[in-house]
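Structure data (mmCIF, N, CA and C atoms) from input.cif:
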```cif
data_model
loop_
_atom_site.label_atom_id
_atom_site.label_comp_id
_atom_site.auth_asym_id
_atom_site.auth_seq_id
_atom_site.Cartn_x
_atom_site.Cartn_y
_atom_site.Cartn_z
N MET A 1 4.51 16.17 -16.95
CA MET A 1 3.91 15.57 -18.13
C MET A 1 2.43 15.93 -18.19
N PRO A 2 1.87 16.05 -19.37
CA PRO A 2 0.49 16.45 -19.48
C PRO A 2 -0.49 15.46 -18.87
N ASP A 3 -0.16 14.16 -18.82
CA ASP A 3 -1.11 13.19 -18.28
C ASP A 3 -1.06 13.10 -16.76
N GLY A 4 -0.16 13.85 -16.11
CA GLY A 4 -0.09 13.87 -14.66
C GLY A 4 0.62 12.68 -14.06
N HIS A 5 1.23 11.85 -14.86
CA HIS A 5 1.91 10.67 -14.35
C HIS A 5 3.42 10.90 -14.35
N GLN A 6 4.09 10.30 -13.36
CA GLN A 6 5.54 10.39 -13.26
C GLN A 6 6.14 9.13 -13.87
N HIS A 7 7.09 9.30 -14.76
CA HIS A 7 7.68 8.14 -15.42
C HIS A 7 9.16 8.03 -15.09
N SER A 8 9.64 6.79 -14.95
CA SER A 8 11.03 6.51 -14.67
C SER A 8 11.37 5.17 -15.28
N SER A 9 12.61 4.99 -15.64
CA SER A 9 13.01 3.73 -16.25
C SER A 9 13.38 2.69 -15.20
N ARG A 10 13.42 3.07 -13.91
CA ARG A 10 13.78 2.12 -12.85
C ARG A 10 12.72 2.13 -11.76
N ASP A 11 12.89 1.20 -10.79
CA ASP A 11 11.96 1.12 -9.67
C ASP A 11 12.21 2.21 -8.65
N GLU A 12 13.16 3.06 -8.88
CA GLU A 12 13.57 4.02 -7.86
C GLU A 12 12.40 4.79 -7.27
N ALA A 13 12.54 5.03 -5.98
CA ALA A 13 11.51 5.75 -5.24
C ALA A 13 11.90 7.21 -5.11
N PRO A 14 10.93 8.09 -4.95
CA PRO A 14 11.23 9.50 -4.70
C PRO A 14 12.02 9.67 -3.39
N ASP A 15 12.60 10.84 -3.22
CA ASP A 15 13.39 11.14 -2.03
C ASP A 15 12.62 10.85 -0.75
N GLY A 16 13.32 10.27 0.21
CA GLY A 16 12.75 10.00 1.52
C GLY A 16 12.11 8.65 1.67
N PHE A 17 11.84 7.95 0.57
CA PHE A 17 11.23 6.63 0.66
C PHE A 17 12.30 5.57 0.86
N VAL A 18 12.00 4.59 1.72
CA VAL A 18 12.87 3.45 1.97
C VAL A 18 12.06 2.18 1.75
N PRO A 19 12.72 1.07 1.42
CA PRO A 19 11.98 -0.18 1.24
C PRO A 19 11.22 -0.56 2.50
N THR A 20 9.99 -1.08 2.33
CA THR A 20 9.24 -1.56 3.48
C THR A 20 9.96 -2.77 4.06
N MET A 21 9.89 -2.88 5.36
CA MET A 21 10.51 -4.00 6.06
C MET A 21 9.41 -4.85 6.69
N HIS A 22 9.73 -6.08 7.04
CA HIS A 22 8.82 -6.97 7.74
C HIS A 22 7.58 -7.30 6.93
N VAL A 23 7.72 -7.35 5.62
CA VAL A 23 6.62 -7.83 4.80
C VAL A 23 6.97 -9.24 4.34
N ARG A 24 6.00 -9.99 3.98
CA ARG A 24 6.17 -11.39 3.59
C ARG A 24 6.70 -11.48 2.16
N PRO A 25 7.23 -12.65 1.77
CA PRO A 25 7.80 -12.80 0.42
C PRO A 25 6.85 -12.42 -0.71
N PHE A 26 5.56 -12.70 -0.56
CA PHE A 26 4.63 -12.34 -1.62
C PHE A 26 4.61 -10.84 -1.86
N GLU A 27 4.63 -10.06 -0.78
CA GLU A 27 4.62 -8.61 -0.94
C GLU A 27 5.89 -8.12 -1.63
N HIS A 28 7.03 -8.75 -1.33
CA HIS A 28 8.27 -8.39 -2.03
C HIS A 28 8.15 -8.74 -3.51
N PHE A 29 7.55 -9.88 -3.80
CA PHE A 29 7.36 -10.31 -5.19
C PHE A 29 6.46 -9.33 -5.94
N ALA A 30 5.38 -8.89 -5.30
CA ALA A 30 4.44 -7.98 -5.94
C ALA A 30 5.01 -6.57 -6.06
N GLY A 31 5.90 -6.17 -5.20
CA GLY A 31 6.47 -4.81 -5.16
C GLY A 31 7.66 -4.67 -6.09
N PRO A 32 8.71 -4.07 -5.59
CA PRO A 32 8.93 -3.71 -4.19
C PRO A 32 8.12 -2.48 -3.80
N PHE A 33 7.76 -2.45 -2.49
CA PHE A 33 7.02 -1.34 -1.94
C PHE A 33 7.93 -0.51 -1.05
N TYR A 34 7.63 0.77 -0.95
CA TYR A 34 8.45 1.71 -0.19
C TYR A 34 7.57 2.49 0.76
N GLU A 35 8.20 3.08 1.79
CA GLU A 35 7.47 3.88 2.76
C GLU A 35 8.30 5.09 3.16
N ARG A 36 7.61 6.10 3.67
CA ARG A 36 8.28 7.24 4.30
C ARG A 36 7.33 7.88 5.29
N ALA A 37 7.93 8.39 6.36
CA ALA A 37 7.17 9.12 7.36
C ALA A 37 6.96 10.54 6.85
N VAL A 38 5.79 11.07 7.11
CA VAL A 38 5.47 12.47 6.81
C VAL A 38 4.96 13.08 8.12
N ASP A 39 4.80 14.39 8.12
CA ASP A 39 4.46 15.10 9.36
C ASP A 39 3.35 14.47 10.16
N ASP A 40 2.27 14.11 9.52
CA ASP A 40 1.12 13.59 10.26
C ASP A 40 0.72 12.19 9.82
N GLY A 41 1.68 11.42 9.31
CA GLY A 41 1.31 10.08 8.88
C GLY A 41 2.46 9.33 8.23
N ILE A 42 2.07 8.40 7.41
CA ILE A 42 3.03 7.57 6.68
C ILE A 42 2.51 7.40 5.26
N GLU A 43 3.42 7.32 4.31
CA GLU A 43 3.07 7.10 2.91
C GLU A 43 3.72 5.82 2.43
N LEU A 44 3.02 5.14 1.55
CA LEU A 44 3.53 3.95 0.86
C LEU A 44 3.53 4.22 -0.63
N GLY A 45 4.45 3.60 -1.34
CA GLY A 45 4.47 3.77 -2.77
C GLY A 45 5.18 2.63 -3.48
N PHE A 46 4.97 2.57 -4.77
CA PHE A 46 5.72 1.64 -5.62
C PHE A 46 5.71 2.16 -7.05
N ARG A 47 6.71 1.74 -7.79
CA ARG A 47 6.84 2.13 -9.19
C ARG A 47 6.26 1.02 -10.05
N VAL A 48 5.30 1.34 -10.90
CA VAL A 48 4.70 0.37 -11.81
C VAL A 48 5.73 0.05 -12.89
N ARG A 49 6.00 -1.24 -13.05
CA ARG A 49 6.94 -1.70 -14.07
C ARG A 49 6.23 -2.70 -14.98
N ASP A 50 6.89 -3.09 -16.02
CA ASP A 50 6.32 -4.01 -16.99
C ASP A 50 5.80 -5.29 -16.33
N ARG A 51 6.50 -5.78 -15.30
CA ARG A 51 6.09 -7.02 -14.62
C ARG A 51 4.75 -6.87 -13.89
N HIS A 52 4.31 -5.64 -13.66
CA HIS A 52 3.05 -5.38 -12.97
C HIS A 52 1.86 -5.23 -13.91
N LEU A 53 2.10 -5.20 -15.22
CA LEU A 53 1.05 -4.84 -16.17
C LEU A 53 0.16 -6.01 -16.56
N ASN A 54 -1.10 -5.69 -16.81
CA ASN A 54 -2.04 -6.68 -17.35
C ASN A 54 -2.03 -6.58 -18.88
N ALA A 55 -2.92 -7.31 -19.53
CA ALA A 55 -2.94 -7.36 -21.00
C ALA A 55 -3.30 -6.02 -21.65
N THR A 56 -3.93 -5.12 -20.90
CA THR A 56 -4.30 -3.82 -21.46
C THR A 56 -3.22 -2.76 -21.25
N GLY A 57 -2.11 -3.14 -20.61
CA GLY A 57 -1.03 -2.18 -20.36
C GLY A 57 -1.20 -1.36 -19.11
N ALA A 58 -2.17 -1.70 -18.27
CA ALA A 58 -2.37 -1.02 -16.99
C ALA A 58 -1.86 -1.92 -15.87
N CYS A 59 -1.59 -1.33 -14.72
CA CYS A 59 -1.16 -2.12 -13.57
C CYS A 59 -2.26 -3.11 -13.21
N HIS A 60 -1.88 -4.36 -13.01
CA HIS A 60 -2.81 -5.43 -12.70
C HIS A 60 -3.55 -5.14 -11.40
N GLY A 61 -4.84 -5.40 -11.39
CA GLY A 61 -5.65 -5.16 -10.20
C GLY A 61 -5.17 -5.93 -8.98
N GLY A 62 -4.59 -7.11 -9.18
CA GLY A 62 -4.07 -7.90 -8.06
C GLY A 62 -2.89 -7.23 -7.39
N VAL A 63 -2.04 -6.58 -8.18
CA VAL A 63 -0.90 -5.84 -7.62
C VAL A 63 -1.43 -4.66 -6.82
N LEU A 64 -2.41 -3.95 -7.37
CA LEU A 64 -2.98 -2.80 -6.67
C LEU A 64 -3.70 -3.24 -5.40
N ALA A 65 -4.37 -4.38 -5.42
CA ALA A 65 -5.04 -4.88 -4.22
C ALA A 65 -4.02 -5.27 -3.16
N THR A 66 -2.90 -5.86 -3.57
CA THR A 66 -1.83 -6.17 -2.62
C THR A 66 -1.29 -4.89 -2.00
N PHE A 67 -1.07 -3.87 -2.82
CA PHE A 67 -0.61 -2.58 -2.33
C PHE A 67 -1.62 -2.00 -1.34
N ALA A 68 -2.90 -2.12 -1.65
CA ALA A 68 -3.94 -1.64 -0.75
C ALA A 68 -3.88 -2.38 0.58
N ASP A 69 -3.68 -3.68 0.54
CA ASP A 69 -3.70 -4.49 1.75
C ASP A 69 -2.52 -4.21 2.67
N ILE A 70 -1.33 -3.96 2.12
CA ILE A 70 -0.17 -3.74 3.00
C ILE A 70 -0.23 -2.38 3.68
N GLN A 71 -1.21 -1.57 3.34
CA GLN A 71 -1.33 -0.30 4.04
C GLN A 71 -1.68 -0.51 5.51
N GLY A 72 -2.22 -1.67 5.84
CA GLY A 72 -2.43 -2.02 7.24
C GLY A 72 -1.11 -2.09 7.99
N TYR A 73 -0.08 -2.61 7.33
CA TYR A 73 1.26 -2.64 7.92
C TYR A 73 1.72 -1.23 8.24
N ALA A 74 1.55 -0.34 7.29
CA ALA A 74 2.01 1.04 7.49
C ALA A 74 1.22 1.72 8.60
N LEU A 75 -0.06 1.50 8.64
CA LEU A 75 -0.88 2.11 9.69
C LEU A 75 -0.52 1.55 11.06
N LYS A 76 -0.30 0.25 11.11
CA LYS A 76 0.12 -0.38 12.37
C LYS A 76 1.43 0.22 12.85
N LYS A 77 2.36 0.45 11.93
CA LYS A 77 3.64 1.05 12.28
C LYS A 77 3.44 2.48 12.78
N LEU A 78 2.62 3.24 12.10
CA LEU A 78 2.33 4.62 12.50
C LEU A 78 1.74 4.67 13.91
N LEU A 79 0.85 3.73 14.23
CA LEU A 79 0.19 3.70 15.53
C LEU A 79 1.02 2.99 16.60
N ASP A 80 2.18 2.46 16.21
CA ASP A 80 3.09 1.75 17.11
C ASP A 80 2.37 0.59 17.81
N LEU A 81 1.68 -0.22 17.02
CA LEU A 81 0.96 -1.37 17.54
C LEU A 81 1.81 -2.63 17.41
N ALA A 82 2.04 -3.32 18.50
CA ALA A 82 2.83 -4.55 18.50
C ALA A 82 1.89 -5.75 18.42
N VAL A 83 1.12 -5.81 17.35
CA VAL A 83 0.15 -6.88 17.15
C VAL A 83 0.18 -7.30 15.68
N ALA A 84 -0.37 -8.46 15.42
CA ALA A 84 -0.60 -8.87 14.03
C ALA A 84 -1.91 -8.25 13.57
N THR A 85 -2.05 -8.04 12.26
CA THR A 85 -3.26 -7.38 11.74
C THR A 85 -3.82 -8.15 10.55
N PRO A 86 -4.41 -9.33 10.78
CA PRO A 86 -5.01 -10.03 9.65
C PRO A 86 -6.17 -9.21 9.07
N THR A 87 -6.32 -9.30 7.76
CA THR A 87 -7.36 -8.56 7.06
C THR A 87 -8.71 -9.23 7.26
N ILE A 88 -9.68 -8.43 7.68
CA ILE A 88 -11.06 -8.90 7.80
C ILE A 88 -11.83 -8.53 6.54
N THR A 89 -11.76 -7.27 6.15
CA THR A 89 -12.43 -6.78 4.95
C THR A 89 -11.51 -5.81 4.24
N LEU A 90 -11.46 -5.91 2.92
CA LEU A 90 -10.70 -4.96 2.12
C LEU A 90 -11.54 -4.64 0.89
N SER A 91 -11.90 -3.38 0.74
CA SER A 91 -12.66 -2.92 -0.40
C SER A 91 -11.77 -2.02 -1.24
N VAL A 92 -11.65 -2.36 -2.52
CA VAL A 92 -10.79 -1.59 -3.43
C VAL A 92 -11.64 -1.16 -4.62
N ASP A 93 -11.73 0.15 -4.82
CA ASP A 93 -12.40 0.70 -5.98
C ASP A 93 -11.33 1.16 -6.96
N TYR A 94 -11.34 0.60 -8.15
CA TYR A 94 -10.37 0.96 -9.20
C TYR A 94 -10.95 2.14 -9.97
N LEU A 95 -10.33 3.31 -9.82
CA LEU A 95 -10.89 4.54 -10.38
C LEU A 95 -10.24 4.96 -11.69
N ALA A 96 -8.97 4.60 -11.89
CA ALA A 96 -8.24 4.96 -13.11
C ALA A 96 -7.04 4.02 -13.23
N PRO A 97 -6.53 3.82 -14.44
CA PRO A 97 -5.38 2.93 -14.58
C PRO A 97 -4.08 3.59 -14.13
N ALA A 98 -3.20 2.78 -13.57
CA ALA A 98 -1.81 3.18 -13.32
C ALA A 98 -0.99 2.52 -14.42
N ARG A 99 -0.09 3.27 -15.03
CA ARG A 99 0.66 2.79 -16.20
C ARG A 99 2.14 2.56 -15.88
N ASP A 100 2.81 1.89 -16.80
CA ASP A 100 4.24 1.62 -16.66
C ASP A 100 4.99 2.91 -16.36
N GLY A 101 5.80 2.89 -15.30
CA GLY A 101 6.59 4.05 -14.90
C GLY A 101 5.92 4.93 -13.87
N ASP A 102 4.62 4.78 -13.64
CA ASP A 102 3.93 5.61 -12.65
C ASP A 102 4.41 5.28 -11.24
N TRP A 103 4.49 6.30 -10.41
CA TRP A 103 4.71 6.12 -8.98
C TRP A 103 3.33 6.14 -8.33
N VAL A 104 2.92 5.01 -7.74
CA VAL A 104 1.62 4.92 -7.08
C VAL A 104 1.85 5.20 -5.60
N LEU A 105 1.08 6.14 -5.07
CA LEU A 105 1.26 6.63 -3.70
C LEU A 105 -0.02 6.44 -2.90
N GLY A 106 0.11 5.89 -1.71
CA GLY A 106 -1.02 5.75 -0.79
C GLY A 106 -0.67 6.32 0.57
N ARG A 107 -1.68 6.85 1.22
CA ARG A 107 -1.50 7.41 2.56
C ARG A 107 -2.65 6.95 3.43
N PRO A 108 -2.47 5.81 4.13
CA PRO A 108 -3.56 5.27 4.93
C PRO A 108 -3.93 6.21 6.08
N GLN A 109 -5.23 6.28 6.35
CA GLN A 109 -5.74 7.12 7.42
C GLN A 109 -6.60 6.27 8.35
N LEU A 110 -6.37 6.42 9.63
CA LEU A 110 -7.17 5.73 10.63
C LEU A 110 -8.58 6.32 10.63
N VAL A 111 -9.57 5.45 10.55
CA VAL A 111 -10.96 5.87 10.68
C VAL A 111 -11.42 5.63 12.11
N LYS A 112 -11.10 4.43 12.65
CA LYS A 112 -11.49 4.10 14.02
C LYS A 112 -10.65 2.92 14.49
N GLN A 113 -10.32 2.93 15.77
CA GLN A 113 -9.63 1.80 16.39
C GLN A 113 -10.40 1.40 17.63
N THR A 114 -10.68 0.08 17.74
CA THR A 114 -11.31 -0.46 18.94
C THR A 114 -10.30 -1.42 19.56
N GLY A 115 -10.70 -2.12 20.60
CA GLY A 115 -9.80 -3.07 21.23
C GLY A 115 -9.40 -4.23 20.33
N LYS A 116 -10.26 -4.56 19.35
CA LYS A 116 -10.00 -5.72 18.49
C LYS A 116 -9.97 -5.41 17.00
N MET A 117 -10.31 -4.19 16.61
CA MET A 117 -10.40 -3.88 15.18
C MET A 117 -9.75 -2.54 14.86
N LEU A 118 -9.28 -2.46 13.62
CA LEU A 118 -8.68 -1.24 13.10
C LEU A 118 -9.37 -0.95 11.77
N PHE A 119 -9.97 0.21 11.63
CA PHE A 119 -10.67 0.62 10.42
C PHE A 119 -9.85 1.71 9.75
N PHE A 120 -9.62 1.59 8.44
CA PHE A 120 -8.82 2.60 7.75
C PHE A 120 -9.39 2.87 6.37
N GLN A 121 -8.91 3.98 5.80
CA GLN A 121 -9.22 4.33 4.42
C GLN A 121 -7.97 4.91 3.78
N SER A 122 -7.96 4.91 2.46
CA SER A 122 -6.83 5.50 1.74
C SER A 122 -7.27 5.84 0.32
N LEU A 123 -6.78 6.95 -0.16
CA LEU A 123 -6.87 7.27 -1.58
C LEU A 123 -5.47 7.14 -2.14
N CYS A 124 -5.32 6.39 -3.20
CA CYS A 124 -4.01 6.16 -3.81
C CYS A 124 -3.97 6.84 -5.17
N SER A 125 -2.86 7.46 -5.47
CA SER A 125 -2.77 8.25 -6.69
C SER A 125 -1.55 7.86 -7.52
N ALA A 126 -1.64 8.20 -8.79
CA ALA A 126 -0.50 8.13 -9.72
C ALA A 126 -0.42 9.53 -10.31
N GLY A 127 0.60 10.28 -9.91
CA GLY A 127 0.65 11.68 -10.31
C GLY A 127 -0.50 12.42 -9.66
N GLU A 128 -1.24 13.17 -10.44
CA GLU A 128 -2.37 13.95 -9.93
C GLU A 128 -3.69 13.18 -9.96
N GLU A 129 -3.67 11.96 -10.48
CA GLU A 129 -4.90 11.20 -10.67
C GLU A 129 -5.10 10.16 -9.57
N THR A 130 -6.28 10.12 -8.99
CA THR A 130 -6.61 9.08 -8.01
C THR A 130 -6.90 7.79 -8.76
N VAL A 131 -6.18 6.73 -8.41
CA VAL A 131 -6.35 5.45 -9.09
C VAL A 131 -7.08 4.42 -8.25
N LEU A 132 -7.04 4.55 -6.91
CA LEU A 132 -7.70 3.60 -6.02
C LEU A 132 -8.35 4.32 -4.86
N ARG A 133 -9.48 3.78 -4.42
CA ARG A 133 -10.07 4.16 -3.14
C ARG A 133 -10.14 2.87 -2.33
N VAL A 134 -9.60 2.90 -1.12
CA VAL A 134 -9.46 1.70 -0.30
C VAL A 134 -10.15 1.91 1.04
N ASN A 135 -10.87 0.90 1.48
CA ASN A 135 -11.42 0.84 2.83
C ASN A 135 -11.07 -0.53 3.38
N GLY A 136 -10.56 -0.57 4.61
CA GLY A 136 -10.17 -1.85 5.18
C GLY A 136 -10.48 -1.96 6.64
N ILE A 137 -10.67 -3.20 7.07
CA ILE A 137 -10.82 -3.53 8.49
C ILE A 137 -9.82 -4.62 8.79
N TYR A 138 -9.04 -4.41 9.84
CA TYR A 138 -8.04 -5.37 10.28
C TYR A 138 -8.35 -5.80 11.70
N ARG A 139 -8.15 -7.06 11.97
CA ARG A 139 -8.30 -7.56 13.34
C ARG A 139 -6.99 -7.35 14.06
N LEU A 140 -7.04 -6.88 15.28
CA LEU A 140 -5.85 -6.72 16.10
C LEU A 140 -5.67 -8.00 16.90
N THR A 141 -4.60 -8.73 16.61
CA THR A 141 -4.35 -10.04 17.20
C THR A 141 -2.99 -10.03 17.88
N ARG A 142 -2.92 -10.58 19.08
CA ARG A 142 -1.62 -10.68 19.74
C ARG A 142 -0.65 -11.38 18.80
N ALA A 143 0.53 -10.81 18.64
CA ALA A 143 1.51 -11.32 17.67
C ALA A 143 1.86 -12.78 17.91
N GLU A 144 1.94 -13.21 19.16
CA GLU A 144 2.33 -14.60 19.43
C GLU A 144 1.26 -15.60 18.98
N LEU A 145 0.02 -15.14 18.79
CA LEU A 145 -1.03 -16.01 18.29
C LEU A 145 -1.07 -16.08 16.77
N ALA A 146 -0.37 -15.16 16.11
CA ALA A 146 -0.44 -15.08 14.65
C ALA A 146 0.58 -15.98 13.97
N GLY A 147 1.49 -16.58 14.71
CA GLY A 147 2.49 -17.45 14.12
C GLY A 147 3.79 -16.72 13.88
N PRO A 148 4.83 -17.47 13.52
CA PRO A 148 6.15 -16.88 13.34
C PRO A 148 6.21 -15.97 12.10
N ASN A 149 7.04 -14.95 12.19
CA ASN A 149 7.32 -14.06 11.07
C ASN A 149 6.11 -13.32 10.55
N ARG A 150 5.15 -13.07 11.39
CA ARG A 150 4.00 -12.26 11.00
C ARG A 150 4.29 -10.80 11.30
N PHE A 151 3.69 -9.90 10.50
CA PHE A 151 3.89 -8.48 10.80
C PHE A 151 2.67 -7.92 11.48
#
```

In structure tokens, how does this file's structure come out?
Amino acid sequence: MPDGHQHSSRDEAPDGFVPTMHVRPFEHFAGPFYERAVDDGIELGFRVRDRHLNATGACHGGVLATFADIQGYALKKLLDLAVATPTITLSVDYLAPARDGDWVLGRPQLVKQTGKMLFFQSLCSAGEETVLRVNGIYRLTRAELAGPNRF
């Protein structure tokens, strides 16, 4: 398509993506979100649907912020960390709108890991257009201290 966006009438994910597991009910409500392993990392994505749109017809910033935040889950999985990762800081720059039918794709990248913190960044796109720039810091917490059913 000339606008660089991929459109579909369903939530279906591109080949190789599977539903994210071990996310909390809110993330399921905001999604569904999908993941797939790639050669040197992990990708997350979701299909923008009518339920995600704000009054201007673009994906609501809260949905995009939730998508940005769960990238910590994907990074933790990639790094094989058996810890909880509460968010300390999450910075989201909204660069362009994502529209109904767009597949929004993020690929979190580790910036730095210390004994207690995980720093990451991600550029998220819809088609060829970058829609979000994300920077996050997560605290690495022993899972048993984070409470039941934490990821």

Checklist line | Near-Phe17 in chain A list (8 Å; only N, CA and C atoms; drop same-chain fewer than 5 positions) as a ChimeraX atom specification | finding: /A:33-37,43,45

Checklist line | Given all atoms listed in the file as the counted atoms, nearest of A:Ala30, A:Asp80, A:Leu140, A:Arg24 to Thr114 in chain A | finding: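 Of A:Ala30, A:Asp80, A:Leu140, A:Arg24, the one nearest Thr114 in chain A is A:Leu140, counting all atoms listed in the file.
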
Check: Which one is closest to Gly57 in chain A: A:Ala98, A:Met21, A:Ile42, A:Val111? Count all atoms listed in the file.
Finding: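 Of A:Ala98, A:Met21, A:Ile42, A:Val111, the one nearest Gly57 in chain A is A:Ala98, counting all atoms listed in the file.
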
Next item on the list: Apply DSSP to the backbone of this structure and, from chain A, keep only the residues in alpha helix (DSSP H); write these as a PyMOL selection string.
Entry: chain A and resi 25-30+61-69+71-78

Next item on the list: Could you tell me which of A:Tyr138, A:Ala13, A:Gly115, A:Val48 comes closest to Gly72 in chain A if we count all atoms listed in the file?
Entry: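 Among the listed residues, A:Tyr138 lies closest to Gly72 in chain A.
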
As lines of an AutoDock Vina configuration file, please report the centre and edge lengths, rounded to one decimal in Å, of the axis-aligned box that holds all listed atoms of range 69-84 of chain A with 5 Å of padding on each of the six sides.
```
center_x = 0.0
center_y = -2.1
center_z = 9.5
size_x = 17.3
size_y = 23.5
size_z = 28.0
```

Margin query: I need the residues of range 92-137 of chain A that end up classed as strand (DSSP E) by DSSP on the backbone, written out as a count of residues only.
Written below: 31

Margin query: Quick check on the file I pasted: which residues fall under the PyMOL selection byres ((chain A and resi 58-71) around 6.5)? Write them as number ranges by chain.
Written below: A: 30, 52-57, 72-76, 97-100, 108, 134

Margin query: Between A:Ile137, A:Leu44, A:Leu105, A:Leu90, which residue has the minimum interatomic distance to Leu123 in chain A, considering only N, CA and C atoms?
Written below: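 Selected residue with least distance to Leu123 in chain A: A:Leu105.
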
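For the pair CA of Gly101 in chain A and CA of Phe26 in chain A, the separation is 21.2 Å.
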
Checklist line | Distance of atom C of Leu81 in chain A from CA of Leu132 in chain A, expressed in Å to one decimal place | finding: 26.0 Å

Next item on the list: Could you tell me how far atom C of Leu95 in chain A lies from CA of Ala126 in chain A, in Å and to one decimal?
Entry: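 Separation of atom C of Leu95 in chain A and CA of Ala126 in chain A: 10.4 Å.
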
Next item on the list: Would you kindly translate the PyMOL selection byres ((chain A and resi 47) around 6) into the concrete residues it picks from this file, as a list in words?
Entry: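 Evaluating the PyMOL selection byres ((chain A and resi 47) around 6) on this file yields Asp11, Pro32, Gly45, Phe46, Val48, Arg49, Gly101, Asp102, Trp103 and Val104 of chain A.
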
Output N, CA and C atoms for every residue in that selection, as a CSV table (one decimal), keeping the file's coordinate frame.
```csv
chain,number,residue,atom,x,y,z
A,11,ASP,N,12.9,1.2,-10.8
A,11,ASP,CA,12.0,1.1,-9.7
A,11,ASP,C,12.2,2.2,-8.6
A,32,PRO,N,8.7,-4.1,-5.6
A,32,PRO,CA,8.9,-3.7,-4.2
A,32,PRO,C,8.1,-2.5,-3.8
A,45,GLY,N,4.4,3.6,-1.3
A,45,GLY,CA,4.5,3.8,-2.8
A,45,GLY,C,5.2,2.6,-3.5
A,46,PHE,N,5.0,2.6,-4.8
A,46,PHE,CA,5.7,1.6,-5.6
A,46,PHE,C,5.7,2.2,-7.0
A,48,VAL,N,5.3,1.3,-10.9
A,48,VAL,CA,4.7,0.4,-11.8
A,48,VAL,C,5.7,0.0,-12.9
A,49,ARG,N,6.0,-1.2,-13.0
A,49,ARG,CA,6.9,-1.7,-14.1
A,49,ARG,C,6.2,-2.7,-15.0
A,101,GLY,N,5.8,2.9,-15.3
A,101,GLY,CA,6.6,4.0,-14.9
A,101,GLY,C,5.9,4.9,-13.9
A,102,ASP,N,4.6,4.8,-13.6
A,102,ASP,CA,3.9,5.6,-12.6
A,102,ASP,C,4.4,5.3,-11.2
A,103,TRP,N,4.5,6.3,-10.4
A,103,TRP,CA,4.7,6.1,-9.0
A,103,TRP,C,3.3,6.1,-8.3
A,104,VAL,N,2.9,5.0,-7.7
A,104,VAL,CA,1.6,4.9,-7.1
A,104,VAL,C,1.8,5.2,-5.6
```

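Proximity of A:Thr89, A:Ser125, A:Thr130, A:Thr141 to Gly106 in chain A, computed with only C-alpha atoms, is greatest for A:Ser125.
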
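Proximity of A:Gly136, A:Pro19, A:Gly41, A:Lys116 to Ala84 in chain A, computed with only C-alpha atoms, is greatest for A:Lys116.
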
Margin query: Under the PyMOL selection byres (((chain A and resi 120 and name CA) around 6) and name CA), which residues of this model are included? Write them out as a ChimeraX atom specification.
Written below: /A:109-111,119,121,135-136
